[in-house]
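Shown here: work.csv, CSV, C-alpha atoms and all ligand atoms.
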```
chain,number,residue,atom,x,y,z
B,124,MET,CA,-12.1,1.3,11.7
B,125,LYS,CA,-8.4,2.1,11.8
B,126,TYR,CA,-6.2,-0.6,10.2
B,127,THR,CA,-3.9,-0.7,13.2
B,128,GLU,CA,-6.7,-2.1,15.3
B,129,LEU,CA,-6.6,-5.1,13.0
B,130,GLY,CA,-2.8,-5.5,13.4
B,131,LEU,CA,-2.2,-4.5,9.8
B,132,ILE,CA,0.6,-2.2,8.5
B,133,ASN,CA,0.7,0.0,5.4
B,134,THR,CA,3.2,-0.8,2.6
B,135,ASP,CA,5.7,2.1,3.1
B,136,LYS,CA,8.3,0.2,5.0
B,137,MET,CA,7.7,-3.0,3.1
B,138,PHE,CA,8.5,-1.3,-0.2
B,139,GLN,CA,11.6,0.5,1.2
B,140,ASN,CA,13.0,-2.8,2.3
B,141,ALA,CA,12.1,-4.5,-0.9
B,142,ILE,CA,13.7,-1.8,-3.1
B,143,MET,CA,16.9,-1.9,-1.0
B,144,GLY,CA,17.0,-5.7,-1.1
B,145,ASN,CA,16.0,-6.3,-4.7
B,146,TYR,CA,13.0,-8.4,-4.0
B,147,ALA,CA,9.3,-8.0,-4.3
B,148,ILE,CA,6.4,-8.2,-1.9
B,149,PRO,CA,3.8,-10.7,-3.0
B,150,ALA,CA,0.3,-9.5,-3.4
B,151,PHE,CA,-2.1,-12.4,-3.6
B,152,ASN,CA,-5.8,-11.8,-4.3
B,153,ILE,CA,-8.2,-13.4,-1.8
B,154,TYR,CA,-12.0,-13.8,-2.0
B,155,ASN,CA,-13.0,-16.4,0.6
B,156,MET,CA,-11.8,-18.2,3.7
B,157,GLU,CA,-9.8,-20.8,1.7
B,158,THR,CA,-7.8,-18.3,-0.3
B,159,PHE,CA,-7.2,-16.2,2.9
B,160,GLN,CA,-6.0,-19.2,4.9
B,161,ALA,CA,-3.8,-20.5,2.2
B,162,VAL,CA,-2.0,-17.1,1.7
B,163,LEU,CA,-1.7,-16.5,5.5
B,164,ASN,CA,-0.3,-20.0,5.9
B,165,ALA,CA,2.3,-19.5,3.3
B,166,ALA,CA,3.3,-16.1,4.8
B,167,LYS,CA,3.7,-17.8,8.2
B,168,ILE,CA,5.7,-20.7,6.9
B,169,SER,CA,8.0,-18.6,4.8
B,170,ASN,CA,8.3,-15.5,7.1
B,171,SER,CA,7.4,-13.3,4.2
B,172,PRO,CA,5.7,-9.9,4.4
B,173,ILE,CA,2.5,-10.1,2.4
B,174,ILE,CA,-0.2,-8.0,0.8
B,175,LEU,CA,-3.8,-9.3,0.7
B,176,GLY,CA,-5.3,-8.0,-2.5
B,177,ILE,CA,-9.1,-7.4,-2.4
B,178,SER,CA,-10.8,-6.4,-5.7
B,179,GLU,CA,-14.0,-4.5,-5.6
B,180,SER,CA,-15.9,-7.5,-6.9
B,181,ALA,CA,-14.2,-9.8,-4.3
B,182,LEU,CA,-15.4,-7.3,-1.6
B,183,LYS,CA,-18.9,-7.5,-3.0
B,184,TYR,CA,-18.7,-11.3,-3.1
B,185,MET,CA,-17.5,-11.6,0.5
B,186,THR,CA,-19.2,-8.6,2.0
B,187,ALA,CA,-17.2,-6.1,4.0
B,188,GLU,CA,-18.5,-7.6,7.3
B,189,MET,CA,-17.3,-11.1,6.5
B,190,LEU,CA,-13.9,-9.9,5.3
B,191,ILE,CA,-13.2,-7.7,8.3
B,192,GLY,CA,-14.5,-10.5,10.6
B,193,MET,CA,-12.1,-12.9,9.0
B,194,ILE,CA,-9.1,-10.5,9.3
B,195,ARG,CA,-10.0,-9.9,12.9
B,196,GLY,CA,-10.3,-13.6,13.5
B,197,ALA,CA,-6.8,-14.3,12.2
B,198,ASN,CA,-5.2,-12.3,15.1
B,199,ILE,CA,-2.7,-10.5,12.9
B,200,THR,CA,0.1,-8.6,14.6
B,201,PRO,CA,2.3,-5.8,13.1
B,202,ASP,CA,5.4,-8.0,13.2
B,203,MET,CA,3.7,-10.4,10.7
B,204,GLN,CA,3.9,-7.5,8.2
B,205,ILE,CA,0.5,-7.9,6.5
B,206,ALA,CA,-1.2,-5.2,4.5
B,207,LEU,CA,-4.8,-5.2,3.4
B,208,HIS,CA,-5.0,-3.6,0.0
B,209,LEU,CA,-7.9,-2.5,-2.3
B,210,ASP,CA,-6.9,-3.9,-5.7
B,211,HIS,CA,-8.0,-1.8,-8.8
B,212,GLY,CA,-10.1,0.7,-6.9
B,213,THR,CA,-12.2,2.4,-9.5
B,214,SER,CA,-13.2,5.6,-7.7
B,215,PHE,CA,-12.4,8.0,-4.9
B,216,ASP,CA,-15.5,6.7,-3.1
B,217,ALA,CA,-14.4,3.0,-3.4
B,218,CYS,CA,-11.0,4.0,-1.9
B,219,ARG,CA,-12.5,6.0,0.9
B,220,HIS,CA,-14.9,3.2,1.7
B,221,ALA,CA,-12.0,0.7,1.9
B,222,ILE,CA,-10.0,3.0,4.2
B,223,GLU,CA,-12.9,3.5,6.5
B,224,LEU,CA,-13.4,-0.3,6.7
B,225,GLY,CA,-9.8,-0.8,7.8
B,226,PHE,CA,-7.7,-1.2,4.6
B,227,SER,CA,-4.0,-0.1,5.1
B,228,SER,CA,-3.4,0.4,1.4
B,229,VAL,CA,-5.5,1.3,-1.7
B,230,MET,CA,-5.0,1.2,-5.4
B,231,ILE,CA,-6.8,3.9,-7.4
B,232,ASP,CA,-6.8,2.7,-11.0
B,233,ALA,CA,-7.7,5.7,-13.1
B,234,SER,CA,-5.4,4.6,-15.9
B,235,LYS,CA,-8.3,4.5,-18.4
B,236,LEU,CA,-8.9,8.2,-17.9
B,237,SER,CA,-6.9,10.9,-19.6
B,238,PHE,CA,-3.6,11.8,-18.0
B,239,ASP,CA,-4.9,14.9,-16.4
B,240,GLU,CA,-8.0,13.2,-15.0
B,241,ASN,CA,-5.8,10.3,-13.8
B,242,VAL,CA,-3.6,12.9,-11.9
B,243,LYS,CA,-6.7,14.6,-10.5
B,244,THR,CA,-8.4,11.5,-9.2
B,245,THR,CA,-5.2,9.9,-7.9
B,246,LYS,CA,-4.3,13.1,-6.0
B,247,GLN,CA,-7.7,13.2,-4.4
B,248,VAL,CA,-7.2,9.7,-3.1
B,249,VAL,CA,-3.7,10.4,-1.9
B,250,ASP,CA,-4.8,13.5,0.0
B,251,PHE,CA,-7.5,11.5,1.8
B,252,ALA,CA,-5.4,8.3,2.3
B,253,HIS,CA,-2.4,10.1,3.7
B,254,LYS,CA,-4.5,11.7,6.4
B,255,HIS,CA,-5.1,8.1,7.6
B,256,ASN,CA,-1.5,6.9,7.0
B,257,VAL,CA,-2.7,4.6,4.3
B,258,SER,CA,-0.5,3.9,1.3
B,259,VAL,CA,-1.6,4.6,-2.3
B,260,GLU,CA,-0.8,2.7,-5.5
B,261,SER,CA,-1.8,4.2,-8.9
B,262,GLU,CA,-1.4,3.2,-12.5
B,263,LEU,CA,-0.1,4.6,-15.7
B,264,GLY,CA,-0.6,2.6,-18.9
B,265,THR,CA,-3.2,-0.1,-19.6
B,266,LEU,CA,-3.0,-3.8,-19.1
B,267,SER,CA,-5.3,-6.1,-21.2
B,268,GLY,CA,-7.5,-8.7,-19.6
B,269,ILE,CA,-10.1,-8.8,-16.8
B,270,GLU,CA,-9.5,-6.3,-14.1
B,271,ASP,CA,-12.9,-6.5,-12.5
B,272,GLU,CA,-16.1,-8.4,-13.3
B,273,ASN,CA,-17.3,-5.2,-14.9
B,274,THR,CA,-14.1,-4.2,-16.7
B,275,PHE,CA,-12.5,-6.1,-19.6
B,276,SER,CA,-9.9,-4.4,-21.6
B,277,THR,CA,-8.8,-5.8,-24.9
B,278,GLU,CA,-6.5,-2.8,-25.5
B,279,SER,CA,-3.2,-2.5,-23.8
B,280,SER,CA,-0.8,0.5,-23.9
B,281,TYR,CA,2.7,0.5,-22.4
B,282,THR,CA,3.5,3.1,-19.8
B,283,ASN,CA,5.2,6.1,-21.4
B,284,PRO,CA,8.4,6.7,-19.4
B,285,SER,CA,8.3,10.4,-20.1
B,286,ASP,CA,5.0,10.7,-18.1
B,287,VAL,CA,6.2,9.0,-14.8
B,288,GLU,CA,8.1,11.8,-13.0
B,289,HIS,CA,5.4,14.4,-13.6
B,290,PHE,CA,2.7,11.9,-12.5
B,291,VAL,CA,4.5,10.9,-9.3
B,292,LYS,CA,5.3,14.5,-8.4
B,293,GLN,CA,1.8,15.8,-9.1
B,294,THR,CA,-0.1,13.1,-7.3
B,295,GLY,CA,2.2,12.2,-4.4
B,296,THR,CA,1.4,8.5,-5.1
B,297,ASP,CA,3.4,6.0,-3.0
B,298,SER,CA,3.8,3.4,-5.7
B,299,LEU,CA,3.1,3.1,-9.4
B,300,ALA,CA,1.8,0.2,-11.4
B,301,ILE,CA,3.2,0.1,-14.9
B,302,ALA,CA,2.4,-1.6,-18.1
B,303,ILE,CA,5.4,-3.4,-19.7
B,304,GLY,CA,3.7,-6.4,-21.3
B,305,THR,CA,2.0,-8.3,-18.6
B,306,SER,CA,-1.8,-8.8,-18.7
B,307,HIS,CA,-4.5,-10.1,-16.4
B,308,GLY,CA,-5.8,-13.7,-16.7
B,309,ALA,CA,-4.2,-16.9,-18.0
B,310,PHE,CA,-3.5,-16.0,-21.6
B,311,LYS,CA,-0.7,-13.5,-21.3
B,312,ARG,CA,1.5,-14.4,-24.3
B,313,THR,CA,1.0,-15.8,-27.7
B,314,SER,CA,4.5,-17.2,-28.0
B,315,ALA,CA,7.0,-18.7,-25.5
B,316,THR,CA,9.7,-16.3,-26.6
B,317,GLN,CA,7.8,-13.1,-25.9
B,318,GLU,CA,9.6,-10.9,-23.4
B,319,LEU,CA,8.5,-8.1,-21.1
B,320,ARG,CA,9.6,-4.6,-22.2
B,321,PHE,CA,12.6,-4.3,-20.0
B,322,ASP,CA,13.7,-1.3,-22.1
B,323,ILE,CA,10.7,0.6,-20.9
B,324,LEU,CA,11.2,-0.6,-17.3
B,325,SER,CA,14.8,0.6,-17.4
B,326,GLU,CA,13.8,4.0,-18.7
B,327,ILE,CA,11.2,4.3,-15.9
B,328,THR,CA,13.7,3.3,-13.2
B,329,LYS,CA,16.2,5.8,-14.5
B,330,ARG,CA,13.6,8.6,-14.1
B,331,LEU,CA,12.3,7.3,-10.8
B,332,PRO,CA,15.3,5.9,-8.9
B,333,LYS,CA,14.4,3.9,-5.9
B,334,PHE,CA,10.7,4.4,-6.4
B,335,PRO,CA,8.4,1.5,-5.8
B,336,LEU,CA,7.0,0.0,-9.0
B,337,VAL,CA,4.2,-2.6,-9.3
B,338,LEU,CA,3.6,-5.4,-11.7
B,339,HIS,CA,0.1,-6.5,-12.2
B,340,GLY,CA,-0.9,-9.5,-14.3
B,341,ALA,CA,2.2,-11.3,-13.2
B,342,SER,CA,1.0,-14.9,-12.7
B,343,SER,CA,3.4,-17.5,-14.1
B,344,ILE,CA,0.5,-19.9,-15.1
B,345,PRO,CA,2.2,-23.1,-14.0
B,346,GLU,CA,1.9,-25.7,-16.8
B,347,HIS,CA,1.3,-28.6,-14.4
B,348,LEU,CA,-1.8,-26.8,-13.1
B,349,VAL,CA,-3.2,-26.1,-16.5
B,350,ASN,CA,-2.5,-29.7,-17.5
B,351,THR,CA,-4.3,-31.0,-14.4
B,352,ILE,CA,-7.4,-28.9,-15.1
B,353,ASN,CA,-7.5,-30.1,-18.7
B,354,GLU,CA,-6.9,-33.7,-17.7
B,355,TYR,CA,-9.8,-33.7,-15.4
B,356,GLY,CA,-12.5,-32.2,-17.7
B,357,GLY,CA,-11.4,-28.5,-18.0
B,358,ASN,CA,-10.6,-26.7,-21.2
B,359,ILE,CA,-8.2,-23.9,-20.9
B,360,SER,CA,-5.8,-24.6,-23.7
B,361,GLY,CA,-3.3,-22.0,-24.8
B,362,ALA,CA,-2.7,-20.6,-21.3
B,363,LEU,CA,0.7,-19.0,-21.0
B,364,GLY,CA,2.1,-16.9,-18.1
B,365,ILE,CA,5.2,-14.8,-17.3
B,366,PRO,CA,8.3,-16.9,-16.8
B,367,ALA,CA,9.9,-16.8,-13.3
B,368,THR,CA,13.2,-15.6,-14.8
B,369,GLN,CA,11.6,-12.5,-16.3
B,370,LEU,CA,9.8,-11.7,-13.0
B,371,ARG,CA,13.0,-12.1,-11.0
B,372,ARG,CA,14.8,-9.8,-13.4
B,373,ALA,CA,12.0,-7.2,-12.9
B,374,THR,CA,12.5,-7.4,-9.1
B,375,GLU,CA,16.1,-6.2,-9.6
B,376,MET,CA,14.7,-3.1,-11.4
B,377,ASN,CA,12.5,-1.6,-8.7
B,378,ILE,CA,9.5,-3.8,-9.2
B,379,CYS,CA,8.7,-4.3,-5.5
B,380,LYS,CA,5.1,-5.6,-5.6
B,381,ILE,CA,4.1,-8.5,-7.8
B,382,ASN,CA,0.3,-9.3,-8.1
B,383,VAL,CA,-0.8,-12.8,-8.4
B,384,ASP,CA,-4.4,-14.0,-8.7
B,385,SER,CA,-4.7,-16.4,-11.7
B,386,ASP,CA,-2.1,-18.9,-10.3
B,387,LEU,CA,-4.2,-19.3,-7.2
B,388,ARG,CA,-7.4,-19.7,-9.2
B,389,LEU,CA,-5.7,-22.4,-11.3
B,390,ALA,CA,-4.4,-24.2,-8.2
B,391,PHE,CA,-7.8,-24.1,-6.6
B,392,THR,CA,-9.6,-25.3,-9.7
B,393,ALA,CA,-7.1,-28.1,-10.5
B,394,ALA,CA,-7.2,-29.4,-6.9
B,395,VAL,CA,-11.0,-29.5,-6.8
B,396,ARG,CA,-11.3,-31.1,-10.2
B,397,LYS,CA,-8.8,-33.8,-9.4
B,398,SER,CA,-10.1,-34.5,-5.9
B,399,LEU,CA,-13.7,-34.9,-7.2
B,400,ALA,CA,-12.7,-37.0,-10.2
B,401,GLU,CA,-10.6,-39.3,-8.0
B,402,ASN,CA,-13.2,-39.6,-5.3
B,403,PRO,CA,-16.5,-39.8,-7.2
B,404,ASN,CA,-18.4,-40.9,-4.1
B,405,ASN,CA,-17.2,-37.9,-2.0
B,406,PHE,CA,-19.7,-35.2,-1.3
B,407,ASN,CA,-18.0,-33.6,1.6
B,408,PRO,CA,-16.7,-30.2,0.4
B,409,ARG,CA,-14.2,-30.0,3.2
B,410,GLU,CA,-12.2,-32.8,1.5
B,411,PHE,CA,-11.8,-31.0,-1.9
B,412,LEU,CA,-11.4,-27.6,-0.3
B,413,SER,CA,-8.6,-29.0,1.9
B,414,ALA,CA,-6.9,-30.1,-1.3
B,415,ALA,CA,-7.4,-26.6,-2.8
B,416,HIS,CA,-5.9,-25.1,0.4
B,417,THR,CA,-2.8,-27.2,0.1
B,418,ALA,CA,-2.4,-26.5,-3.7
B,419,MET,CA,-2.8,-22.7,-3.2
B,420,THR,CA,-0.3,-22.7,-0.3
B,421,ASP,CA,2.2,-24.5,-2.5
B,422,VAL,CA,1.7,-21.8,-5.3
B,423,CYS,CA,2.2,-19.0,-2.8
B,424,LEU,CA,5.3,-20.7,-1.3
B,425,ASN,CA,6.8,-21.2,-4.8
B,426,GLY,CA,6.2,-17.5,-5.6
B,427,ILE,CA,7.7,-16.3,-2.4
B,428,LYS,CA,10.8,-18.5,-2.5
B,429,ASN,CA,11.5,-18.7,-6.2
B,430,ILE,CA,10.1,-15.5,-7.8
B,431,MET,CA,9.5,-12.7,-5.3
B,432,GLY,CA,12.5,-13.5,-3.1
B,433,SER,CA,10.6,-12.4,0.0
B,434,GLU,CA,11.3,-15.4,2.2
B,435,ASN,CA,12.6,-14.5,5.6
B,436,LYS,CA,12.2,-10.8,4.9
B,437,ARG,CA,10.3,-9.9,8.0
B,501,LIG,O1,-6.6,-7.8,-11.3
B,501,LIG,C1,-7.7,-8.2,-11.0
B,501,LIG,C2,-7.9,-9.4,-10.2
B,501,LIG,O2,-7.5,-10.6,-10.9
B,501,LIG,C3,-9.2,-9.4,-9.5
B,501,LIG,O3,-10.2,-10.0,-10.3
B,501,LIG,O4,-12.3,-8.7,-9.9
B,501,LIG,O5,-12.4,-11.1,-10.6
B,501,LIG,O6,-11.7,-10.5,-8.3
B,501,LIG,P1,-11.8,-10.1,-9.8
B,502,LIG,P1,-2.9,-12.3,-12.7
B,502,LIG,O1,-4.2,-12.4,-13.5
B,502,LIG,O2,-1.7,-12.4,-13.6
B,502,LIG,O3,-2.8,-13.2,-11.6
B,502,LIG,O4,-2.9,-10.8,-12.2
B,502,LIG,C1,-3.5,-10.5,-10.9
B,502,LIG,C2,-3.5,-9.0,-10.7
B,502,LIG,O5,-2.9,-8.2,-11.4
B,502,LIG,C3,-4.4,-8.5,-9.6
B,502,LIG,O6,-4.4,-7.1,-9.5
B,503,ZN,ZN,-4.2,-6.2,-11.5
```
Spell out the structure here as C-alpha cells.
Amino acid sequence: MKYTELGLINTDKMFQNAIMGNYAIPAFNIYNMETFQAVLNAAKISNSPIILGISESALKYMTAEMLIGMIRGANITPDMQIALHLDHGTSFDACRHAIELGFSSVMIDASKLSFDENVKTTKQVVDFAHKHNVSVESELGTLSGIEDENTFSTESSYTNPSDVEHFVKQTGTDSLAIAIGTSHGAFKRTSATQELRFDILSEITKRLPKFPLVLHGASSIPEHLVNTINEYGGNISGALGIPATQLRRATEMNICKINVDSDLRLAFTAAVRKSLAENPNNFNPREFLSAAHTAMTDVCLNGIKNIMGSENKR
C-alpha cells in the first residue's frame, strides 16, 4: 500500500522545517494500541509533527496487519504531519517490506558493516525508497545497548566526522544517525557529569551544513519514573539518561530527530506497577492500562514541549 493512502507523510518537509527552526521532530517507538494512542494523543494536544518508530521486533510482535489496521483506524490526515518509520531496519528486504506495507520512512542500519558495505546497502535502500517517495535514514558509528531483540552491542564507536560527507554523497541518504555518546536503554551514563561529544557534533555540522542529523538512544530516563518502579517492587537502580539541557543544545546543531523509547517503557511500567500495588483487588486491565496511557502521554508532552521544541510546529 502507498503511505499516502493512510494519510501519512514522509519526513522531508518535517526535517527542513526543523533544521530552519532549531527544533527536533520526536520519534517515539510504539508496539501496541496503548503506546500508539498515547503518542497520537500527545501529538494532537501539542500540535506537534511526529514520527512513529516501529522496530523490526515491534512489527513482529504486533504483526503487520494489526499495525496497518491501527494506523488506518486512527484516520490520520496529512495536515497532522505523521510519519510511519521503520526503526533500525537491518536489511534491504526489511526496508522494502516496510515500504510495501505503507511506511513513509525507513532506517537502514548497516552501521555494523564495513564503511563500504554500509554505503552499498544504504544506497540500495535509497534507490528503492526514493522511487516510492519514502525518506531514508542511515547510520555511521555505533551506539551501545539493545537495538533489537536480536542485537545487543556492548561496543560503541563515535561517528568519524571525516566520513560523513563522502557517505552522504555516495548514498543519497536523507538523514544520518550519528554516535556522539548516547546509547540505547536506561543505563546511558556512569556519572552525572558525563557530556555528549559536542565537539564531534560540531565537526559533523561544519561538514554537512543544514543536513538532518538524528540522535538515537536519547531518552532522558526521568528519575521520578525510575523511583516509582523501584518503590513498587522493581529493581532498575543506576539508570541514568541524557539531560534535557544537552538534548536541547543538540537541536541547535542540526539534530532534527530525537528517538525516545525507554522513557515510554519506564512510564508504562511505573504506572502499571503503581496502579496494581495501590489497587490489589483490581483485575481489570483497562484500569492499569489507562494509567499507563496517561503516564506515556505525559512523557511525550514533556519531550515535545521541553526537549524537542516541536510544540505548535505543524
Ligand atoms: O532502538 C531500538 C528501540 O529501543 C527498539 O527496541 O527492538 O525492543 O522494540 P525493540
Ligand atoms: P532510548 O533507549 O534512549 O529510548 O532510544 C530509543 C531509540 O534510539 C530507538 O531507535
Ligand atoms: Zn535507536
message: From the options B:Thr265, B:Ser228, B:Ser214, B:Ser343, which residue's atoms come nearest to Thr244 (chain B), counting only C-alpha atoms?
response: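 Smallest separation from Thr244 (chain B) among the options: B:Ser214.
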- prompt: Counting all atoms listed in the file, what residues are within 12 Å of ligand LIG 501 (chain B), given as an NGL selection string?
  reply: :B and (150-155 or 158 or 175-185 or 208-213 or 230 or 232 or 265-276 or 300 or 305-309 or 338-342 or 381-389)
message: From the options B:Gly432, B:Ser261, B:Tyr355, B:Leu319, which residue's atoms come nearest to Glu401 (chain B), counting only C-alpha atoms?
response: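 When distances to Glu401 (chain B) are compared using only C-alpha atoms, the smallest one comes from B:Tyr355.
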message: I'd like to know which of B:Thr186, B:Ser398, B:Thr392, B:Ser314 is closest to Leu348 (chain B), using only C-alpha atoms.
response: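 Among the listed residues, the smallest separation from Leu348 (chain B) belongs to B:Thr392.
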- request: Find the residue from B:Ser234, B:Gln369, B:Gln204, B:Asn170 that sits nearest to ligand ZN 503 (chain B); use only C-alpha atoms and all ligand atoms when measuring.
  value: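 Of the candidates, the smallest distance to ligand ZN 503 (chain B) is held by B:Ser234.
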- prompt: Residues around (-0.6, -26.2, -24.5), cut-off 10 Å, counting all atoms listed in the file - what are they as a count of residues only?
  reply: 9
